[in-house]
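Okay, work01.pdb now, which holds PDB, C-alpha atoms:
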ATOM      1  CA  MET A   1      12.084 -10.251  14.325
ATOM      2  CA  THR A   2      13.348  -6.929  15.665
ATOM      3  CA  LYS A   3      11.275  -4.456  17.598
ATOM      4  CA  LYS A   4      11.347  -2.035  14.630
ATOM      5  CA  TRP A   5       9.732  -4.615  12.316
ATOM      6  CA  ILE A   6       7.066  -5.479  14.855
ATOM      7  CA  ILE A   7       6.206  -1.797  15.229
ATOM      8  CA  THR A   8       6.046  -1.458  11.430
ATOM      9  CA  ILE A   9       3.672  -4.395  11.133
ATOM     10  CA  VAL A  10       1.436  -3.133  13.941
ATOM     11  CA  PHE A  11       1.405   0.391  12.458
ATOM     12  CA  ALA A  12       0.413  -0.885   9.025
ATOM     13  CA  GLY A  13      -2.196  -3.154  10.586
ATOM     14  CA  PHE A  14      -3.909  -0.199  12.226
ATOM     15  CA  ILE A  15      -3.892   1.674   8.931
ATOM     16  CA  GLY A  16      -5.213  -1.450   7.227
ATOM     17  CA  VAL A  17      -8.190  -1.581   9.557
ATOM     18  CA  ASN A  18      -9.142   1.939   8.521
ATOM     19  CA  THR A  19      -8.594   1.103   4.859
ATOM     20  CA  SER A  20     -10.770  -1.995   4.904
ATOM     21  CA  CYS A  21     -13.631  -0.216   6.659
ATOM     22  CA  SER A  22     -13.829   2.933   4.550
ATOM     23  CA  ASN A  23     -16.636   2.973   2.006
ATOM     24  CA  SER A  24     -17.068   6.708   1.516
ATOM     25  CA  ASN A  25     -19.143   8.217  -1.266
ATOM     26  CA  GLU A  26     -16.958  10.192  -3.644
ATOM     27  CA  SER A  27     -19.748  11.918  -5.573
ATOM     28  CA  SER A  28     -18.916  15.276  -3.999
ATOM     29  CA  LYS A  29     -15.191  15.254  -4.820
ATOM     30  CA  ASN A  30     -13.705  18.330  -6.393
ATOM     31  CA  THR A  31     -12.753  17.577 -10.004
ATOM     32  CA  SER A  32      -9.986  20.197  -9.949
ATOM     33  CA  GLN A  33      -7.998  18.007  -7.539
ATOM     34  CA  PRO A  34      -5.470  15.632  -9.129
ATOM     35  CA  SER A  35      -6.496  11.976  -9.004
ATOM     36  CA  SER A  36      -4.943   9.626  -6.477
ATOM     37  CA  TYR A  37      -3.217   7.811  -9.362
ATOM     38  CA  HIS A  38      -1.664  11.087 -10.539
ATOM     39  CA  ILE A  39      -0.334  11.771  -7.046
ATOM     40  CA  MET A  40       0.954   8.194  -6.640
ATOM     41  CA  SER A  41       2.739   8.416  -9.975
ATOM     42  CA  ALA A  42       4.557  11.528  -8.776
ATOM     43  CA  VAL A  43       5.356  10.215  -5.285
ATOM     44  CA  PHE A  44       6.154   6.527  -5.815
ATOM     45  CA  ILE A  45       9.825   5.656  -6.363
ATOM     46  CA  GLY A  46      10.592   5.269 -10.068
ATOM     47  CA  THR A  47       7.578   7.389 -11.076
ATOM     48  CA  PRO A  48       5.528   4.498 -12.472
ATOM     49  CA  SER A  49       2.735   5.477 -14.850
ATOM     50  CA  GLN A  50      -0.810   5.874 -13.603
ATOM     51  CA  VAL A  51      -1.835   2.871 -15.738
ATOM     52  CA  THR A  52       0.916   0.721 -14.198
ATOM     53  CA  ILE A  53      -0.123   1.700 -10.682
ATOM     54  CA  LYS A  54      -3.811   1.144 -11.401
ATOM     55  CA  SER A  55      -3.215  -2.299 -12.913
ATOM     56  CA  ALA A  56      -1.147  -3.343  -9.876
ATOM     57  CA  LEU A  57      -3.158  -1.692  -7.094
ATOM     58  CA  GLU A  58      -6.797  -2.338  -7.977
ATOM     59  CA  PRO A  59      -6.579  -6.161  -8.065
ATOM     60  CA  VAL A  60      -4.733  -6.123  -4.720
ATOM     61  CA  MET A  61      -7.344  -3.815  -3.195
ATOM     62  CA  SER A  62     -10.079  -6.074  -4.516
ATOM     63  CA  PHE A  63      -8.424  -9.188  -3.058
ATOM     64  CA  TYR A  64      -8.322  -7.521   0.377
ATOM     65  CA  ASN A  65     -11.959  -6.352   0.051
ATOM     66  CA  VAL A  66     -11.090  -2.666  -0.139
ATOM     67  CA  ASP A  67     -13.467  -0.627  -2.285
ATOM     68  CA  VAL A  68     -11.707   1.251  -5.074
ATOM     69  CA  ASN A  69     -12.565   4.885  -4.425
ATOM     70  CA  GLU A  70     -10.507   8.035  -3.974
ATOM     71  CA  ALA A  71     -10.463   7.867  -0.169
ATOM     72  CA  ASN A  72      -9.263   4.251  -0.128
ATOM     73  CA  LEU A  73      -6.761   4.857  -2.936
ATOM     74  CA  LYS A  74      -5.249   7.661  -0.873
ATOM     75  CA  THR A  75      -5.132   5.525   2.256
ATOM     76  CA  CYS A  76      -3.528   2.577   0.451
ATOM     77  CA  ALA A  77      -0.976   4.913  -1.128
ATOM     78  CA  ASP A  78      -0.232   6.404   2.305
ATOM     79  CA  VAL A  79       0.420   2.910   3.685
ATOM     80  CA  LEU A  80       2.790   2.052   0.837
ATOM     81  CA  VAL A  81       4.690   5.353   1.049
ATOM     82  CA  ALA A  82       4.949   5.177   4.856
ATOM     83  CA  LEU A  83       6.419   1.690   4.646
ATOM     84  CA  ARG A  84       8.932   2.721   1.984
ATOM     85  CA  LYS A  85      10.020   5.700   4.061
ATOM     86  CA  SER A  86      10.382   3.649   7.255
ATOM     87  CA  SER A  87      13.611   1.915   6.236
ATOM     88  CA  ASP A  88      17.042   2.767   4.931
ATOM     89  CA  ILE A  89      16.761  -0.232   2.599
ATOM     90  CA  LYS A  90      14.570   1.198  -0.120
ATOM     91  CA  VAL A  91      11.791  -1.195  -0.960
ATOM     92  CA  THR A  92       9.603   0.575  -3.506
ATOM     93  CA  GLU A  93       5.849   0.863  -3.394
ATOM     94  CA  MET A  94       5.529  -1.132  -6.614
ATOM     95  CA  GLU A  95       7.724  -3.912  -5.202
ATOM     96  CA  ILE A  96       5.390  -4.125  -2.210
ATOM     97  CA  LEU A  97       2.329  -4.227  -4.476
ATOM     98  CA  ASN A  98       3.870  -6.882  -6.722
ATOM     99  CA  TYR A  99       4.742  -9.024  -3.701
ATOM    100  CA  MET A 100       1.201  -8.614  -2.341
ATOM    101  CA  SER A 101      -0.219  -9.589  -5.721
ATOM    102  CA  LYS A 102       1.844 -12.773  -5.858
ATOM    103  CA  SER A 103       1.519 -13.820  -2.210
ATOM    104  CA  LYS A 104      -2.235 -13.184  -1.653
ATOM    105  CA  MET A 105      -2.183 -13.527   2.121
ATOM    106  CA  GLU A 106      -5.607 -14.473   3.407
ATOM    107  CA  LYS A 107      -7.295 -13.324   6.624
ATOM    108  CA  VAL A 108      -5.277 -10.122   6.900
ATOM    109  CA  SER A 109      -6.038  -6.530   5.975
ATOM    110  CA  PHE A 110      -4.454  -4.576   3.136
ATOM    111  CA  GLY A 111      -2.212  -2.771   5.644
ATOM    112  CA  GLU A 112      -1.107  -5.976   7.331
ATOM    113  CA  ALA A 113      -0.357  -7.644   3.993
ATOM    114  CA  ALA A 114       1.629  -4.574   2.900
ATOM    115  CA  ALA A 115       3.634  -4.662   6.143
ATOM    116  CA  TYR A 116       4.381  -8.371   5.732
ATOM    117  CA  ALA A 117       5.408  -7.847   2.102
ATOM    118  CA  PHE A 118       7.614  -4.928   3.103
ATOM    119  CA  THR A 119       9.244  -6.985   5.863
ATOM    120  CA  PHE A 120       9.942  -9.954   3.599
ATOM    121  CA  LEU A 121      11.310  -7.741   0.813
ATOM    122  CA  THR A 122      13.530  -5.846   3.249
ATOM    123  CA  MET A 123      14.957  -9.100   4.626
ATOM    124  CA  GLU A 124      15.667 -10.267   1.040
ATOM    125  CA  LYS A 125      17.554  -7.042   0.274
ATOM    126  CA  GLN A 126      19.763  -7.192   3.365
TER
END
If you took the structure in this file and wrote it as structure tokens, what would it be?
Amino acid sequence: MTKKWIITIVFAGFIGVNTSCSNSNESSKNTSQPSSYHIMSAVFIGTPSQVTIKSALEPVMSFYNVDVNEANLKTCADVLVALRKSSDIKVTEMEILNYMSKSKMEKVSFGEAAAYAFTFLTMEKQ
């Protein structure tokens, strides 16, 4: 594994630690702000629908014991987008989520699982 991939995995692992520990209360959120799903739909490659993203992301978050709330949705989206942007070989956010959904890696955080999925998908595309 190259140094770049190791750095990617470590980076995502640190983000994953923050994601798995965040349980913030979203009762005070401003309703005029667009939802995390709306933002993801606009930012993710291929502009998947909010329903498509929700149906892919929430079960993965649940598997990795990440509460589904706006703060964690944003953090998970940030992980996925950062991974996609880190390589010239474009692995999309939805491809990462689909791989995570199928592989269900145990004893790792959401961020670590996303980094592993990204690495495996990138190697497949090379």
Mind running stretch 93-126 of chain A against stretch 80-89 of chain A at 8 Å and telling me each contacting residue's nearest atom pair with the distance in Å (one decimal), counting only C-alpha atoms, chain and number ascending, as a tab-separated table?
residue	atom	partner	partner_atom	distance
A:Glu93	CA	A:Leu80	CA	5.4
A:Ile96	CA	A:Leu80	CA	7.4
A:Ala114	CA	A:Leu80	CA	7.0
A:Ala115	CA	A:Leu83	CA	7.1
A:Phe118	CA	A:Leu83	CA	6.9
A:Thr122	CA	A:Ile89	CA	6.5
A:Lys125	CA	A:Ile89	CA	7.2
A:Gln126	CA	A:Ile89	CA	7.6
Next item on the list: One decimal, Å: what's the distance from atom CA of A:Ile53 over to atom CA of A:Lys107, could you say?
Entry: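 Computed distance, atom CA of A:Ile53 to atom CA of A:Lys107, equals 24.0 Å.
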Notebook entry, point to check: atom CA of A:Val108 and atom CA of A:Ser35 are how many Å apart?
Noted result: 27.3 Å
Next item on the list: Return the single residue from A:Tyr116, A:Glu124, A:Lys104, A:Thr47 that is closest to A:Ser62, with distances computed using all atoms listed in the file.
Entry: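 Ranked by minimum distance to A:Ser62, first place goes to A:Lys104.
Shortest separation to A:Phe63 among A:Leu121, A:Val91, A:Leu97, A:Ile39 occurs at residue A:Leu97, atoms counted being all atoms listed in the file.
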